[in-house]
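Chemist: So I've got this file, data.tsv, and it contains TSV, C-alpha atoms:
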```tsv
chain	number	residue	atom	x	y	z
A	28	MET	CA	-30.26	-75.63	-48.32
A	29	GLU	CA	-30.73	-79.30	-49.20
A	30	ALA	CA	-31.57	-80.05	-45.57
A	31	LEU	CA	-34.20	-77.32	-45.55
A	32	LEU	CA	-35.81	-78.73	-48.66
A	33	ILE	CA	-35.95	-82.16	-47.05
A	34	LEU	CA	-37.66	-80.63	-44.03
A	35	GLN	CA	-40.16	-78.85	-46.20
A	36	GLU	CA	-41.05	-82.02	-48.04
A	37	ALA	CA	-41.13	-84.45	-45.11
A	38	VAL	CA	-42.11	-82.31	-42.15
A	39	LEU	CA	-44.13	-79.47	-43.64
A	40	PHE	CA	-41.52	-76.77	-43.23
A	41	ASP	CA	-43.94	-74.08	-44.38
A	42	GLN	CA	-45.95	-74.60	-41.23
A	43	LEU	CA	-42.81	-74.24	-39.11
A	44	LEU	CA	-42.02	-70.97	-40.82
A	45	TYR	CA	-45.52	-69.76	-40.08
A	46	ALA	CA	-45.10	-70.88	-36.50
A	47	VAL	CA	-42.04	-68.74	-35.96
A	48	GLY	CA	-43.86	-65.73	-37.39
A	49	LEU	CA	-46.89	-66.43	-35.23
A	50	VAL	CA	-44.96	-66.70	-32.00
A	51	GLY	CA	-42.81	-63.72	-32.76
A	52	ALA	CA	-45.66	-61.44	-33.79
A	53	ALA	CA	-48.07	-62.17	-30.97
A	54	SER	CA	-47.94	-60.59	-27.54
A	55	ALA	CA	-47.25	-62.69	-24.47
A	56	ASP	CA	-50.03	-60.96	-22.55
A	57	GLU	CA	-53.18	-62.79	-21.50
A	58	ARG	CA	-55.35	-60.62	-23.77
A	59	VAL	CA	-54.93	-60.15	-27.51
A	60	GLU	CA	-57.02	-57.66	-29.45
A	61	ALA	CA	-57.96	-59.14	-32.81
A	62	PRO	CA	-58.07	-56.86	-35.83
A	63	ASP	CA	-61.88	-57.09	-36.12
A	64	SER	CA	-63.60	-54.22	-34.38
A	65	GLY	CA	-65.10	-55.11	-31.00
A	66	ILE	CA	-63.31	-58.47	-30.75
A	67	ALA	CA	-61.35	-59.42	-27.62
A	68	VAL	CA	-59.66	-62.78	-26.97
A	69	THR	CA	-58.78	-63.96	-23.46
A	70	THR	CA	-57.22	-67.05	-21.89
A	71	LEU	CA	-58.74	-68.33	-18.65
A	72	ARG	CA	-56.24	-70.28	-16.58
A	73	THR	CA	-57.78	-70.66	-13.14
A	74	HIS	CA	-60.55	-72.84	-11.76
A	75	GLU	CA	-62.33	-69.75	-10.44
A	76	ALA	CA	-62.32	-68.06	-13.85
A	77	VAL	CA	-63.74	-71.14	-15.58
A	78	GLU	CA	-66.45	-71.51	-12.92
A	79	ALA	CA	-67.43	-67.87	-13.39
A	80	LEU	CA	-67.69	-68.43	-17.15
A	81	ALA	CA	-69.98	-71.47	-16.77
A	82	PRO	CA	-73.38	-69.72	-17.20
A	83	GLU	CA	-72.26	-67.96	-20.40
A	84	TRP	CA	-70.55	-71.13	-21.67
A	85	ARG	CA	-73.75	-73.14	-21.21
A	86	ALA	CA	-75.76	-70.46	-23.03
A	87	LEU	CA	-73.30	-70.47	-25.95
A	88	GLU	CA	-73.36	-74.26	-25.95
A	89	ALA	CA	-77.12	-74.17	-26.45
A	90	ARG	CA	-76.81	-71.68	-29.32
A	91	ALA	CA	-74.05	-73.73	-31.01
A	92	SER	CA	-75.66	-77.14	-30.57
A	93	ALA	CA	-75.85	-77.71	-34.33
A	94	THR	CA	-72.08	-78.32	-34.44
A	95	ALA	CA	-70.60	-78.75	-30.96
A	96	THR	CA	-71.14	-82.27	-29.62
A	97	ALA	CA	-71.81	-83.65	-26.14
A	98	PHE	CA	-68.05	-83.73	-25.58
A	99	GLN	CA	-67.85	-79.92	-25.62
A	100	ALA	CA	-70.35	-79.56	-22.76
A	101	CYS	CA	-69.36	-77.06	-20.09
A	102	ASP	CA	-70.25	-79.32	-17.17
A	103	LEU	CA	-68.36	-82.25	-18.68
A	104	HIS	CA	-65.20	-80.12	-18.81
A	105	ARG	CA	-65.67	-78.83	-15.27
A	106	VAL	CA	-65.85	-82.40	-13.94
A	107	TRP	CA	-63.01	-83.56	-16.19
A	108	ALA	CA	-60.75	-80.81	-14.82
A	109	ARG	CA	-61.35	-81.94	-11.24
A	110	HIS	CA	-60.08	-85.43	-12.07
A	111	PHE	CA	-57.43	-84.89	-14.74
A	112	CYS	CA	-55.77	-81.55	-14.02
A	113	ASP	CA	-52.64	-81.78	-11.89
A	114	THR	CA	-49.08	-80.52	-11.85
A	115	ARG	CA	-48.54	-81.93	-15.36
A	116	THR	CA	-51.87	-81.06	-17.02
A	117	ALA	CA	-53.69	-77.72	-16.92
A	118	LEU	CA	-57.02	-76.57	-18.33
A	119	ARG	CA	-56.88	-73.38	-20.35
A	120	VAL	CA	-60.02	-71.95	-21.90
A	121	VAL	CA	-59.69	-69.46	-24.75
A	122	THR	CA	-62.70	-67.15	-25.01
A	123	LEU	CA	-63.59	-64.67	-27.72
A	124	ARG	CA	-66.12	-61.89	-27.25
A	125	ARG	CA	-67.65	-59.65	-29.83
A	126	ASN	CA	-68.84	-56.36	-28.33
A	127	GLY	CA	-68.83	-58.07	-24.95
A	128	ARG	CA	-70.92	-61.05	-26.03
A	129	LEU	CA	-69.32	-64.50	-25.69
A	130	VAL	CA	-69.20	-66.09	-29.16
A	131	LEU	CA	-66.38	-68.67	-28.85
A	132	VAL	CA	-65.04	-71.05	-26.21
A	133	TRP	CA	-62.02	-73.25	-26.91
A	134	PRO	CA	-61.10	-75.57	-23.99
A	135	LEU	CA	-57.61	-77.03	-24.13
A	136	ALA	CA	-55.48	-79.31	-21.97
A	137	VAL	CA	-51.88	-78.15	-21.76
A	138	GLY	CA	-49.06	-80.43	-20.67
A	139	GLN	CA	-45.32	-80.01	-20.44
A	140	THR	CA	-43.80	-83.16	-21.91
A	141	ALA	CA	-40.34	-84.40	-22.76
A	142	LEU	CA	-41.06	-83.06	-26.26
A	143	GLY	CA	-42.04	-79.59	-25.05
A	144	GLY	CA	-45.35	-77.93	-24.36
A	145	VAL	CA	-48.30	-79.66	-26.05
A	146	ALA	CA	-51.92	-78.50	-26.16
A	147	ALA	CA	-54.84	-80.76	-27.08
A	148	TRP	CA	-58.59	-80.81	-26.66
A	149	ALA	CA	-59.55	-80.77	-23.00
A	150	GLY	CA	-61.62	-83.78	-22.02
A	151	ASP	CA	-59.28	-86.53	-23.25
A	152	PRO	CA	-59.77	-89.50	-22.94
A	153	LEU	CA	-63.46	-88.88	-22.24
A	154	GLY	CA	-64.04	-86.71	-25.28
A	155	GLN	CA	-64.35	-88.55	-28.59
A	156	TYR	CA	-64.94	-85.58	-30.89
A	157	GLY	CA	-63.09	-82.28	-30.70
A	158	ASP	CA	-64.52	-78.90	-31.59
A	159	VAL	CA	-64.66	-75.29	-30.55
A	160	VAL	CA	-67.95	-73.98	-29.20
A	161	VAL	CA	-68.68	-71.05	-31.49
A	162	GLU	CA	-71.66	-69.21	-32.91
A	163	ALA	CA	-72.40	-69.79	-36.57
A	164	GLY	CA	-71.84	-67.01	-39.06
A	165	PRO	CA	-69.51	-65.72	-41.79
A	166	ALA	CA	-66.89	-64.58	-39.23
A	167	ARG	CA	-66.52	-67.99	-37.60
A	168	ASP	CA	-63.19	-68.94	-39.22
A	169	ARG	CA	-61.76	-65.49	-38.42
A	170	TRP	CA	-62.76	-65.93	-34.79
A	171	ILE	CA	-61.08	-69.35	-34.68
A	172	GLU	CA	-57.93	-67.88	-36.23
A	173	ALA	CA	-57.90	-65.11	-33.61
A	174	ALA	CA	-58.20	-67.72	-30.87
A	175	PHE	CA	-55.37	-69.71	-32.46
A	176	ARG	CA	-53.13	-66.64	-32.38
A	177	GLU	CA	-53.89	-66.33	-28.69
A	178	ILE	CA	-52.63	-69.89	-28.23
A	179	GLY	CA	-49.45	-68.95	-30.12
A	180	ALA	CA	-48.96	-66.07	-27.69
A	181	TRP	CA	-48.74	-68.35	-24.66
A	182	GLY	CA	-45.08	-69.02	-25.27
A	183	ASP	CA	-44.97	-72.37	-23.46
A	184	VAL	CA	-46.80	-74.44	-26.12
A	185	SER	CA	-45.08	-75.43	-29.34
A	186	PHE	CA	-47.48	-78.07	-30.68
A	187	LEU	CA	-51.26	-78.15	-30.94
A	188	HIS	CA	-52.78	-81.60	-31.50
A	189	LEU	CA	-56.47	-81.68	-32.44
A	190	CYS	CA	-57.92	-85.18	-32.61
A	191	GLY	CA	-61.38	-86.35	-33.60
A	192	VAL	CA	-62.35	-83.43	-35.85
A	193	ARG	CA	-65.58	-84.26	-37.65
A	194	ALA	CA	-65.99	-83.01	-41.22
A	195	ASP	CA	-69.20	-81.26	-40.15
A	196	SER	CA	-67.70	-79.60	-37.07
A	197	ALA	CA	-67.28	-75.86	-36.60
A	198	VAL	CA	-63.48	-76.12	-36.63
A	199	ALA	CA	-63.15	-78.50	-39.60
A	200	ARG	CA	-62.75	-76.02	-42.46
A	201	TRP	CA	-60.24	-73.89	-40.56
A	202	ALA	CA	-58.27	-76.94	-39.38
A	203	GLY	CA	-58.15	-78.34	-42.91
A	204	LYS	CA	-56.55	-75.14	-44.16
A	205	ARG	CA	-54.28	-74.40	-41.21
A	206	GLY	CA	-53.24	-77.79	-39.87
A	207	ARG	CA	-51.68	-80.94	-41.21
A	208	ARG	CA	-53.49	-84.25	-41.17
A	209	ILE	CA	-52.13	-86.86	-38.83
A	210	GLY	CA	-52.83	-90.54	-39.40
A	211	VAL	CA	-55.57	-92.05	-41.49
A	212	THR	CA	-58.99	-90.55	-42.01
A	213	GLN	CA	-61.62	-92.40	-40.01
A	214	GLU	CA	-65.37	-92.53	-40.48
A	215	ALA	CA	-68.05	-92.04	-37.88
A	216	PRO	CA	-71.09	-94.17	-38.68
A	217	ALA	CA	-74.47	-92.87	-37.59
A	218	LEU	CA	-78.13	-93.78	-37.74
A	219	ASP	CA	-80.37	-90.92	-38.84
A	220	HIS	CA	-83.73	-92.22	-37.72
A	221	SER	CA	-85.83	-89.34	-39.04
A	222	PRO	CA	-87.31	-91.64	-41.74
A	223	PHE	CA	-88.89	-93.80	-39.02
A	224	GLU	CA	-92.07	-92.55	-37.38
A	225	ASN	CA	-91.66	-94.81	-34.37
A	226	ALA	CA	-89.86	-97.91	-33.08
A	227	ALA	CA	-92.29	-100.22	-34.87
A	228	ALA	CA	-91.49	-98.58	-38.22
A	229	PHE	CA	-87.81	-98.84	-37.45
A	230	ALA	CA	-88.15	-102.56	-36.66
A	231	LYS	CA	-89.88	-103.17	-40.02
A	232	ALA	CA	-86.92	-101.76	-41.95
A	233	GLY	CA	-85.30	-105.20	-42.07
A	234	TRP	CA	-82.04	-104.55	-40.23
A	235	PRO	CA	-79.91	-107.75	-40.41
A	236	GLN	CA	-78.73	-107.35	-36.83
A	237	ALA	CA	-82.34	-107.02	-35.64
A	238	LYS	CA	-83.19	-110.37	-37.26
A	239	ARG	CA	-80.34	-112.02	-35.37
A	240	ASN	CA	-81.42	-110.31	-32.17
A	241	ILE	CA	-84.85	-111.97	-32.30
A	242	LYS	CA	-83.30	-115.31	-31.35
A	243	ARG	CA	-81.06	-113.68	-28.76
A	244	ILE	CA	-83.97	-111.91	-27.10
A	245	LYS	CA	-86.01	-115.13	-26.98
A	246	LYS	CA	-83.10	-116.91	-25.31
A	247	LEU	CA	-82.57	-114.15	-22.77
A	248	GLU	CA	-86.30	-114.04	-22.03
A	249	SER	CA	-86.23	-117.77	-21.32
A	250	MET	CA	-83.52	-117.26	-18.70
A	251	GLY	CA	-85.82	-115.66	-16.16
A	252	GLY	CA	-87.21	-112.71	-18.07
A	253	MET	CA	-85.54	-109.69	-19.68
A	254	ASN	CA	-85.89	-106.03	-18.74
A	255	PHE	CA	-84.52	-102.91	-20.46
A	256	GLU	CA	-84.47	-99.36	-19.11
A	257	MET	CA	-82.86	-95.98	-19.74
A	258	ILE	CA	-81.56	-94.38	-16.56
A	259	GLY	CA	-80.61	-90.75	-16.02
A	260	PRO	CA	-78.04	-89.46	-13.50
A	261	GLY	CA	-78.50	-90.64	-9.93
A	262	GLU	CA	-77.42	-93.40	-7.59
A	263	ARG	CA	-78.47	-96.25	-9.91
A	264	ALA	CA	-76.68	-94.78	-12.91
A	265	GLN	CA	-73.60	-94.26	-10.78
A	266	ALA	CA	-73.57	-97.88	-9.67
A	267	LEU	CA	-74.06	-99.13	-13.23
A	268	VAL	CA	-71.12	-97.06	-14.48
A	269	GLY	CA	-68.93	-98.79	-11.92
A	270	ALA	CA	-70.23	-102.19	-13.01
A	271	ALA	CA	-69.62	-101.34	-16.67
A	272	PHE	CA	-65.97	-100.54	-15.99
A	273	GLY	CA	-65.56	-103.85	-14.17
A	274	PHE	CA	-67.00	-105.74	-17.15
A	275	LYS	CA	-64.90	-103.72	-19.62
A	276	ARG	CA	-61.61	-104.29	-17.84
A	277	ALA	CA	-62.28	-108.03	-17.57
A	278	TRP	CA	-62.95	-108.16	-21.31
A	279	LEU	CA	-59.79	-106.18	-22.12
A	280	ASP	CA	-57.74	-108.57	-19.98
A	281	ARG	CA	-59.14	-111.60	-21.80
A	282	GLN	CA	-58.51	-110.06	-25.21
A	283	GLY	CA	-55.09	-108.64	-24.36
A	284	HIS	CA	-56.10	-105.15	-25.51
A	285	PHE	CA	-54.40	-102.18	-23.94
A	286	GLY	CA	-57.37	-99.82	-23.55
A	287	ARG	CA	-55.44	-96.84	-22.18
A	288	ALA	CA	-58.57	-94.96	-21.20
A	289	PHE	CA	-60.16	-97.86	-19.37
A	290	ILE	CA	-57.19	-98.72	-17.19
A	291	ASP	CA	-57.00	-95.06	-16.09
A	292	THR	CA	-58.98	-94.87	-12.85
A	293	ARG	CA	-59.51	-91.14	-13.37
A	294	LEU	CA	-61.83	-91.82	-16.31
A	295	GLU	CA	-64.02	-94.07	-14.18
A	296	ALA	CA	-64.05	-91.47	-11.40
A	297	CYS	CA	-65.00	-88.75	-13.89
A	298	LEU	CA	-67.87	-90.74	-15.42
A	299	THR	CA	-69.02	-91.86	-11.99
A	300	GLU	CA	-69.33	-88.25	-10.87
A	301	LEU	CA	-71.23	-87.29	-14.04
A	302	ALA	CA	-73.54	-90.29	-13.61
A	303	GLY	CA	-74.29	-89.51	-9.99
A	304	ASN	CA	-75.10	-85.80	-10.25
A	305	ALA	CA	-78.48	-84.99	-11.79
A	306	GLY	CA	-77.73	-81.29	-11.46
A	307	LEU	CA	-75.02	-81.40	-14.12
A	308	ARG	CA	-75.96	-80.71	-17.74
A	309	SER	CA	-73.81	-83.47	-19.22
A	310	GLY	CA	-76.56	-85.40	-21.03
A	311	LEU	CA	-75.30	-88.69	-19.59
A	312	VAL	CA	-77.74	-91.61	-19.80
A	313	VAL	CA	-77.25	-95.31	-19.04
A	314	SER	CA	-78.90	-98.15	-20.97
A	315	HIS	CA	-79.39	-101.19	-18.73
A	316	LEU	CA	-80.35	-104.71	-19.79
A	317	SER	CA	-81.08	-107.21	-17.04
A	318	VAL	CA	-81.90	-110.92	-17.30
A	319	GLY	CA	-83.46	-112.75	-14.40
A	320	GLY	CA	-82.80	-109.70	-12.26
A	321	GLU	CA	-79.05	-109.68	-13.02
A	322	THR	CA	-77.21	-107.12	-15.14
A	323	ALA	CA	-76.43	-108.56	-18.57
A	324	ALA	CA	-75.27	-105.48	-20.51
A	325	ILE	CA	-74.75	-101.74	-20.01
A	326	GLU	CA	-74.27	-98.90	-22.46
A	327	ILE	CA	-73.11	-95.47	-21.28
A	328	GLY	CA	-74.21	-92.67	-23.58
A	329	PHE	CA	-74.60	-88.91	-23.84
A	330	ARG	CA	-77.48	-86.99	-25.38
A	331	HIS	CA	-76.91	-83.52	-26.76
A	332	GLY	CA	-78.26	-81.43	-29.59
A	333	GLY	CA	-80.57	-84.15	-30.88
A	334	THR	CA	-77.89	-86.86	-30.98
A	335	HIS	CA	-77.35	-89.88	-28.74
A	336	TYR	CA	-73.63	-90.67	-28.49
A	337	ALA	CA	-72.99	-94.31	-27.55
A	338	TYR	CA	-69.83	-93.86	-25.53
A	339	MET	CA	-69.11	-97.25	-23.98
A	340	GLY	CA	-70.71	-100.68	-23.96
A	341	ALA	CA	-69.98	-103.59	-21.65
A	342	PHE	CA	-71.52	-106.95	-20.84
A	343	ALA	CA	-71.40	-109.43	-17.98
A	344	PRO	CA	-69.14	-112.44	-18.69
A	345	ASP	CA	-71.85	-114.86	-17.53
A	346	PHE	CA	-74.09	-113.75	-20.41
A	347	ALA	CA	-71.37	-113.27	-23.04
A	348	LYS	CA	-72.32	-116.25	-25.22
A	349	HIS	CA	-75.81	-114.80	-25.69
A	350	SER	CA	-74.51	-111.47	-27.11
A	351	PRO	CA	-76.40	-109.10	-24.77
A	352	GLY	CA	-74.32	-106.18	-26.05
A	353	PHE	CA	-75.96	-106.42	-29.47
A	354	VAL	CA	-79.38	-106.52	-27.84
A	355	VAL	CA	-78.82	-103.50	-25.61
A	356	THR	CA	-77.66	-101.53	-28.68
A	357	GLU	CA	-80.88	-102.26	-30.57
A	358	LEU	CA	-83.06	-101.45	-27.59
A	359	THR	CA	-81.17	-98.18	-27.05
A	360	ILE	CA	-81.74	-97.24	-30.68
A	361	ARG	CA	-85.44	-98.00	-30.32
A	362	SER	CA	-85.50	-95.67	-27.32
A	363	CYS	CA	-83.84	-92.96	-29.41
A	364	VAL	CA	-86.40	-93.38	-32.19
A	365	GLU	CA	-89.22	-92.88	-29.68
A	366	ALA	CA	-87.57	-89.87	-27.99
A	367	PRO	CA	-88.94	-86.59	-29.40
A	368	ASP	CA	-85.68	-84.72	-28.85
A	369	VAL	CA	-83.33	-87.30	-30.42
A	370	GLY	CA	-82.84	-87.65	-34.17
A	371	GLU	CA	-79.61	-89.59	-34.49
A	372	TYR	CA	-77.74	-92.46	-32.87
A	373	ASP	CA	-73.95	-92.09	-33.09
A	374	PRO	CA	-71.85	-95.15	-32.06
A	375	LEU	CA	-68.60	-93.15	-32.52
A	376	PRO	CA	-65.53	-94.08	-34.58
A	377	PRO	CA	-64.07	-96.31	-35.81
A	378	ALA	CA	-66.55	-97.66	-38.35
A	379	ASP	CA	-66.50	-101.28	-37.18
A	380	ASP	CA	-68.86	-103.76	-38.82
A	381	TYR	CA	-71.14	-104.03	-35.79
A	382	LYS	CA	-71.61	-100.24	-35.88
A	383	LEU	CA	-72.15	-100.09	-39.62
A	384	ALA	CA	-74.91	-102.67	-39.20
A	385	TRP	CA	-77.02	-99.93	-37.56
A	386	SER	CA	-76.03	-96.95	-39.71
A	387	ASN	CA	-77.35	-95.15	-42.76
A	388	ARG	CA	-74.79	-92.35	-43.03
A	389	ARG	CA	-71.11	-91.66	-42.32
A	390	VAL	CA	-69.03	-88.58	-41.47
A	391	LYS	CA	-65.27	-88.32	-41.98
A	392	VAL	CA	-63.17	-87.74	-38.85
A	393	ARG	CA	-59.57	-86.54	-38.94
A	394	ASP	CA	-56.71	-85.58	-36.62
A	395	TYR	CA	-54.66	-82.42	-37.20
A	396	GLY	CA	-51.31	-81.15	-35.96
A	397	PHE	CA	-50.12	-77.54	-35.72
A	398	VAL	CA	-46.46	-76.77	-35.09
A	399	ILE	CA	-46.39	-73.30	-33.49
A	400	GLY	CA	-42.76	-73.25	-32.39
A	401	TRP	CA	-39.54	-75.01	-33.35
A	402	PRO	CA	-39.62	-77.49	-30.42
A	403	GLY	CA	-43.02	-78.68	-31.65
A	404	PHE	CA	-41.36	-80.47	-34.54
A	405	ALA	CA	-40.45	-83.41	-32.26
A	406	ALA	CA	-44.00	-83.62	-30.88
A	407	PHE	CA	-45.38	-83.58	-34.43
A	408	LEU	CA	-43.04	-86.41	-35.44
A	409	TYR	CA	-44.08	-88.46	-32.41
A	410	ALA	CA	-47.80	-87.94	-33.06
A	411	ALA	CA	-47.60	-88.50	-36.81
A	412	ARG	CA	-45.10	-91.35	-36.97
A	413	LEU	CA	-43.81	-92.89	-33.76
A	414	ARG	CA	-47.01	-93.32	-31.73
A	415	PRO	CA	-49.00	-94.94	-34.60
A	416	ALA	CA	-46.07	-97.28	-35.26
A	417	ALA	CA	-45.92	-98.29	-31.60
A	418	LYS	CA	-49.67	-99.00	-31.53
A	419	ALA	CA	-49.43	-101.08	-34.70
A	420	LEU	CA	-46.53	-103.05	-33.23
A	421	TYR	CA	-48.45	-103.74	-30.02
A	422	ALA	CA	-51.46	-104.99	-32.00
A	423	ARG	CA	-49.27	-107.54	-33.79
A	424	LEU	CA	-47.85	-109.03	-30.58
A	425	PRO	CA	-49.04	-112.50	-29.46
A	426	LEU	CA	-52.02	-112.51	-27.10
A	427	LYS	CA	-50.06	-113.82	-24.09
A	428	LEU	CA	-47.43	-111.12	-24.48
A	429	ARG	CA	-50.07	-108.38	-24.80
A	430	GLN	CA	-51.75	-109.67	-21.67
A	431	GLY	CA	-48.44	-109.65	-19.81
A	432	LEU	CA	-47.73	-106.08	-20.87
A	433	ARG	CA	-51.21	-105.01	-19.72
A	434	PHE	CA	-50.74	-106.47	-16.25
A	435	SER	CA	-47.27	-104.94	-15.95
A	436	ARG	CA	-48.83	-101.48	-16.39
A	437	LYS	CA	-51.28	-101.88	-13.53
```
Would you kindly transcribe this structure into structure tokens?

Modeler:
Amino acid sequence: MEALLILQEAVLFDQLLYAVGLVGAASADERVEAPDSGIAVTTLRTHEAVEALAPEWRALEARASATATAFQACDLHRVWARHFCDTRTALRVVTLRRNGRLVLVWPLAVGQTALGGVAAWAGDPLGQYGDVVVEAGPARDRWIEAAFREIGAWGDVSFLHLCGVRADSAVARWAGKRGRRIGVTQEAPALDHSPFENAAAFAKAGWPQAKRNIKRIKKLESMGGMNFEMIGPGERAQALVGAAFGFKRAWLDRQGHFGRAFIDTRLEACLTELAGNAGLRSGLVVSHLSVGGETAAIEIGFRHGGTHYAYMGAFAPDFAKHSPGFVVTELTIRSCVEAPDVGEYDPLPPADDYKLAWSNRRVKVRDYGFVIGWPGFAAFLYAARLRPAAKALYARLPLKLRQGLRFSRK
């Protein structure tokens, strides 16, 4: 009994008890009828099934744009699956229909690990925010719960790990009640530029970083002229994505940072495909700053639902001392202010000082864990304790040692 009490206090034993009930009560079939009348929940496991769902998914995505972010886009997940799904990782898409109408899509990546079956948001490491794509309404949390019970019915997943849940997301309230927080709460800074009529009004607001950029821009202009442009998907955007990854990896090597996502060639291949295909509805856009005809800085972003998400910035080493990254950020924001369909610039977590310098609001972002079977306890412990400790230890290592460890992983 004492051991059980220790578990309840330290490892959230109540959730484990719920997990056993969930797995035992649910059917192992692909389809689960929820108690609400007219509701049917289904898991799609094949590429063909997901492709067939795409038109309805895109339509739901448009209806749910107030909550779901660019990282829940149907086309983004379709491309991600082509590059990241293999014998160890599978895409499963939970769908919920009400009277035949698609009202919820929950894309998950499922992997069989040494700690058992683990499900997480599909799209990692490309996706930075996690959410379900679901219509608004009073039944939303019940629909999410029904979808969760479908996940519990799979039988081969014992831990659900949901990272990057914004406080204003569709899944946030349900996750806060059902799941357990993992790690520290982060903040996502953002610039709501609705108070500014145009870029000139924005510039007059007295942003400290903008004042510093005046000197930087003058210097860059003196080096053969400066040019800034926003580029949509196509051959040029594709080439710039490749250049950005080259710059980013060189910077990570110099700093001794690990950058798991950026040393994974699949991420570059995924973004390169998104950047090169104008027929995909991913919202990808590339900010490009050139000086004297040479690329000085690049920012890869996504636009969706009135928000510009600044996904990745990189700069050429030859221009590093002139801080072109700060300049390309300001010029991208100015472009957002002028765009009639964009109302917010989101530089993504964490809330670093250089991001806060261009923000006027913040949103809390949390990670949640759900143990849905006894083996999931080990995966929960790893996610909540061991992995953060390992990352903290790596960050404290001397630069030379970090650099050596980076090269040994290549």

Chemist: Pick from A:Val192, A:Ala232, A:Leu87, A:Ala302: nearest to A:Ala215, with only C-alpha atoms counted?

Modeler: A:Val192

Chemist: Nearest to A:Ala91: which of A:Leu131, A:Val106, A:Ala67, A:Val121 is it, counting all atoms listed in the file?

Modeler: A:Leu131

Chemist: What's the 12 Å shell around A:Thr70, counting only C-alpha atoms, without same-chain residues fewer than 5 positions away, as a list in words?

Modeler: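 Here the answer would be Ala55, Asp56, Glu57, Arg58, Val59, Ala76, Val77, Leu80, Leu118, Arg119, Val120, Val121, Thr122, Leu123, Arg124, Leu131, Val132, Trp133, Pro134, Leu135, Ala173, Ala174, Phe175, Arg176, Glu177, Ile178, Gly179, Ala180 and Trp181 of chain A.
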
Chemist: Quick one: pull the distance between atom CA of A:Thr212 and atom CA of A:Ala93, Å, one decimal.

Modeler: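 Between atom CA of A:Thr212 and atom CA of A:Ala93 the gap works out to 22.5 Å.
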
Chemist: Name the residues in contact with A:Glu88 at a cut-off of 10 Å, using only C-alpha atoms, excluding same-chain residues fewer than 6 positions from it; report them as a ChimeraX atom specification.

Modeler: /A:82,94-97,99-101,130-132,159-162,331-332
